[in-house]
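Quick notes on the structure that follows.
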Amino acid sequence: MPQNLIFNYSTATNKGLREINEDANWIGFNKHGQGLIVVCDGIGSQDDSQIASLITVDVFKKNFSKKSKVRNIEYFFNKCLRTSYNQITNIANQKLNGKKIGTTLVVTFIDGTKVTTFNLGDSRLYHYSLQDEQWTIITRDHNLYNHFIDLAEKDKSVDINTLCARYKNQLLALTKCLESNSTVHNNYDKFVFNICGGDVLFQATDGVYHFLKLSDVTETIKNNRNNFDAISRNLIHIALDNKSNDNLTCVVVEPLNANSDD
């Protein structure tokens with residue numbers, strides 16, 4: 001496994017048409033070449049949820065930045081998750097009269113050719129495989145629609161069409177997130193896969209991915225080879241041109257010399 005990978009990366013966030021930006025994000029690499037991508041989307045239906053997203057990103061950033069090497073990523077993730085939850089809950093209880101505040105959370109850890117992603121909510125990670133020449137969505141949204149699908153798979157008597165018709169206006173409602181005074185974050189998802197040189201990781205909030213095509217990401221990367229940093233900003237502009245009505249955040253990462261045969 002290569003010890004010192006080289007990465008192109010680009011990140012951007014924008015409040016869009018909203019009054020404030022409830023999104024937050026960070027990307028960093030340590031001296032061992034390990035990388036961490038954090039994207040959070042404060043829950044729009046809960047006032048002050050930008051507090052939750054900002055706290056969470058800050059906790060992961062500080063804990064990763066003070067380590068020269070992360071040896072156990074799941075232990076690291078759980079430690080940061082607990083710390084974030086405790087800080088969010090303390091502020092909600094002490095300064096916001098116990099009001100619910102919460103955020104989605106996608107954390108992606110890169111170690112050589114191995115990628116580990118943890119997910120809560122409906123922000124997403126996509127992977128473009130150069131070998132297969134196609135995009136794959138890695139995460140699975142934690143929303144009511146997917147919850148109904150899971151119920152139907154476990155119990156054949158469940159009529160998913162009836163449920164979807166009954167709750168048609170709530171199908172995108174979150175079923176998991178990181179939220180004050182709630183333990184739902186304990187049931188996060190974890191995904192592990194490999195990357196090669198020329199692959200792409202695209203991590204984004206719903207204000208971005210709902211308002212562009214994955215081909216837009218591929219084309220934007222192609223057109224910005226000499227200005228990689230501009231890619232995320234350009235993708236946000238595309239989403240805004242396509243009438244995004246939400247906050248917008250995305251991160252694009254490309255490993256240049258990862259080789260799955262190493």
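Labels for the structure tokens follow display order: chains A, B, ..., residues from 1 in each chain, ligands from 1.
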### Query
So which residues of range 3-189 of chain A fall under strand (DSSP E or B) by DSSP, listed as a VMD selection string?
chain A and resid 7 to 14 23 to 29 35 to 42 102 to 111 114 to 120 124 to 129 134 to 137 143 174 178 to 179 189
How close does each residue of range 208-248 of chain A get to range 115-134 of chain A, giving the shortest atom pair and distance in Å to one decimal for every residue with an atom at most 9 Å away, counting only C-alpha atoms, sorted by chain and residue number, as a Markdown table?
| residue | atom | partner | partner_atom | distance |
| --- | --- | --- | --- | --- |
| A:Tyr209 | CA | A:Arg124 | CA | 8.1 |
| A:Leu214 | CA | A:Tyr126 | CA | 8.9 |
| A:Thr218 | CA | A:Tyr128 | CA | 8.7 |
### Message
Can you pull out every residue from range 20-90 of chain A that DSSP, working from the backbone, puts in helix (DSSP H, G or I), and format the result as a PyMOL selection string?
### Response
chain A and resi 50-65+73-90
Write to file, as a tab-separated table (two decimals), in the first residue's frame, the residues of the selection just made, with N, CA, C and O atoms.
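Result file is again_29.tsv:
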chain	number	residue	atom	x	y	z
A	50	GLN	N	-27.76	24.74	12.76
A	50	GLN	CA	-26.40	25.02	12.32
A	50	GLN	C	-25.42	24.83	13.47
A	50	GLN	O	-24.24	24.54	13.26
A	51	ILE	N	-25.92	24.95	14.69
A	51	ILE	CA	-25.07	24.69	15.86
A	51	ILE	C	-24.62	23.24	15.86
A	51	ILE	O	-23.45	22.94	16.10
A	52	ALA	N	-25.54	22.34	15.56
A	52	ALA	CA	-25.22	20.91	15.56
A	52	ALA	C	-24.21	20.57	14.46
A	52	ALA	O	-23.27	19.80	14.69
A	53	SER	N	-24.41	21.12	13.27
A	53	SER	CA	-23.50	20.80	12.17
A	53	SER	C	-22.11	21.37	12.43
A	53	SER	O	-21.09	20.70	12.19
A	54	LEU	N	-22.04	22.60	12.92
A	54	LEU	CA	-20.75	23.23	13.17
A	54	LEU	C	-19.98	22.53	14.29
A	54	LEU	O	-18.77	22.33	14.20
A	55	ILE	N	-20.68	22.16	15.36
A	55	ILE	CA	-20.04	21.45	16.46
A	55	ILE	C	-19.47	20.13	15.98
A	55	ILE	O	-18.32	19.77	16.28
A	56	THR	N	-20.26	19.39	15.22
A	56	THR	CA	-19.84	18.06	14.77
A	56	THR	C	-18.60	18.14	13.89
A	56	THR	O	-17.63	17.38	14.09
A	57	VAL	N	-18.60	19.04	12.94
A	57	VAL	CA	-17.44	19.19	12.06
A	57	VAL	C	-16.21	19.60	12.88
A	57	VAL	O	-15.11	19.08	12.68
A	58	ASP	N	-16.40	20.51	13.83
A	58	ASP	CA	-15.30	20.98	14.64
A	58	ASP	C	-14.70	19.86	15.49
A	58	ASP	O	-13.47	19.76	15.63
A	59	VAL	N	-15.54	19.00	16.04
A	59	VAL	CA	-15.05	17.88	16.86
A	59	VAL	C	-14.21	16.93	16.03
A	59	VAL	O	-13.10	16.53	16.44
A	60	PHE	N	-14.69	16.55	14.85
A	60	PHE	CA	-13.93	15.65	13.99
A	60	PHE	C	-12.63	16.30	13.52
A	60	PHE	O	-11.57	15.66	13.48
A	61	LYS	N	-12.70	17.57	13.17
A	61	LYS	CA	-11.52	18.29	12.71
A	61	LYS	C	-10.44	18.33	13.80
A	61	LYS	O	-9.27	18.01	13.53
A	62	LYS	N	-10.82	18.71	14.99
A	62	LYS	CA	-9.85	18.84	16.08
A	62	LYS	C	-9.24	17.50	16.45
A	62	LYS	O	-8.01	17.40	16.66
A	63	ASN	N	-10.07	16.45	16.53
A	63	ASN	CA	-9.56	15.14	16.92
A	63	ASN	C	-8.66	14.53	15.85
A	63	ASN	O	-7.67	13.87	16.17
A	64	PHE	N	-9.00	14.76	14.58
A	64	PHE	CA	-8.16	14.23	13.50
A	64	PHE	C	-6.86	15.01	13.39
A	64	PHE	O	-5.79	14.43	13.17
A	65	SER	N	-6.95	16.31	13.53
A	65	SER	CA	-5.77	17.16	13.33
A	65	SER	C	-4.69	16.94	14.38
A	65	SER	O	-3.50	17.17	14.12
A	73	ILE	N	-10.19	3.29	12.96
A	73	ILE	CA	-11.09	4.33	12.48
A	73	ILE	C	-12.46	4.24	13.15
A	73	ILE	O	-13.09	5.26	13.42
A	74	GLU	N	-12.95	3.03	13.43
A	74	GLU	CA	-14.28	2.94	14.05
A	74	GLU	C	-14.24	3.45	15.48
A	74	GLU	O	-15.18	4.12	15.93
A	75	TYR	N	-13.17	3.19	16.19
A	75	TYR	CA	-13.02	3.73	17.54
A	75	TYR	C	-12.96	5.25	17.48
A	75	TYR	O	-13.61	5.96	18.27
A	76	PHE	N	-12.18	5.76	16.53
A	76	PHE	CA	-12.06	7.21	16.35
A	76	PHE	C	-13.43	7.82	16.03
A	76	PHE	O	-13.82	8.84	16.62
A	77	PHE	N	-14.16	7.20	15.11
A	77	PHE	CA	-15.48	7.73	14.74
A	77	PHE	C	-16.42	7.74	15.93
A	77	PHE	O	-17.10	8.75	16.19
A	78	ASN	N	-16.48	6.65	16.67
A	78	ASN	CA	-17.40	6.58	17.80
A	78	ASN	C	-17.04	7.58	18.89
A	78	ASN	O	-17.93	8.18	19.53
A	79	LYS	N	-15.75	7.79	19.11
A	79	LYS	CA	-15.32	8.78	20.10
A	79	LYS	C	-15.79	10.18	19.69
A	79	LYS	O	-16.34	10.94	20.50
A	80	CYS	N	-15.59	10.53	18.43
A	80	CYS	CA	-16.01	11.85	17.94
A	80	CYS	C	-17.53	11.98	17.93
A	80	CYS	O	-18.06	13.05	18.24
A	81	LEU	N	-18.22	10.88	17.60
A	81	LEU	CA	-19.68	10.90	17.59
A	81	LEU	C	-20.23	11.16	18.98
A	81	LEU	O	-21.13	11.99	19.17
A	82	ARG	N	-19.67	10.48	19.98
A	82	ARG	CA	-20.12	10.68	21.37
A	82	ARG	C	-19.83	12.09	21.84
A	82	ARG	O	-20.67	12.73	22.48
A	83	THR	N	-18.65	12.58	21.52
A	83	THR	CA	-18.29	13.94	21.92
A	83	THR	C	-19.21	14.97	21.28
A	83	THR	O	-19.68	15.91	21.94
A	84	SER	N	-19.48	14.79	20.00
A	84	SER	CA	-20.38	15.71	19.29
A	84	SER	C	-21.76	15.69	19.91
A	84	SER	O	-22.36	16.75	20.16
A	85	TYR	N	-22.27	14.49	20.15
A	85	TYR	CA	-23.60	14.35	20.74
A	85	TYR	C	-23.67	15.05	22.10
A	85	TYR	O	-24.63	15.78	22.40
A	86	ASN	N	-22.66	14.82	22.93
A	86	ASN	CA	-22.67	15.41	24.27
A	86	ASN	C	-22.64	16.94	24.20
A	86	ASN	O	-23.35	17.62	24.94
A	87	GLN	N	-21.83	17.47	23.32
A	87	GLN	CA	-21.74	18.93	23.20
A	87	GLN	C	-23.04	19.52	22.65
A	87	GLN	O	-23.52	20.56	23.12
A	88	ILE	N	-23.62	18.87	21.64
A	88	ILE	CA	-24.88	19.34	21.06
A	88	ILE	C	-25.99	19.31	22.11
A	88	ILE	O	-26.76	20.27	22.26
A	89	THR	N	-26.07	18.21	22.85
A	89	THR	CA	-27.12	18.06	23.86
A	89	THR	C	-26.94	19.06	24.99
A	89	THR	O	-27.91	19.65	25.48
A	90	ASN	N	-25.70	19.29	25.41
A	90	ASN	CA	-25.45	20.25	26.49
A	90	ASN	C	-25.89	21.66	26.09
A	90	ASN	O	-26.52	22.37	26.88
### Message
My list of candidates is A:Asn181, A:Thr103, A:Ser10, A:Ser45. Which is closest to Gln203 in chain A when distances are computed with only C-alpha atoms?
### Response
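Answer, going by the shortest atom-to-atom distance: A:Ser10.
In this model, the gap between CA of Lys243 in chain A and CA of Asp206 in chain A comes to 12.6 Å.
Distance-wise, CA of His142 in chain A and CA of Val158 in chain A end up 19.0 Å apart.
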### Task
Go ahead and compute the interatomic distance for CA of Lys154 in chain A and CA of Asp141 in chain A, in Å to one decimal.
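For CA of Lys154 in chain A relative to CA of Asp141 in chain A, the distance reads 18.2 Å.
Using only C-alpha atoms, the residues found no farther than 9 Å from Ile91 in chain A, other than those of its own chain fewer than 6 positions away, are Ile51, Asn97, Gly98 and Ser180 of chain A.
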Hey, can you spit out that residue selection with C-alpha atoms as a PDB file, in the first residue's frame?
ATOM      1  CA  ILE A  51     -25.072  24.692  15.860  1.00  0.00           C
ATOM      2  CA  ASN A  97     -34.418  25.172  26.716  1.00  0.00           C
ATOM      3  CA  GLY A  98     -34.017  21.572  25.571  1.00  0.00           C
ATOM      4  CA  SER A 180     -29.778  16.306  20.823  1.00  0.00           C
TER       5      SER A 180
END
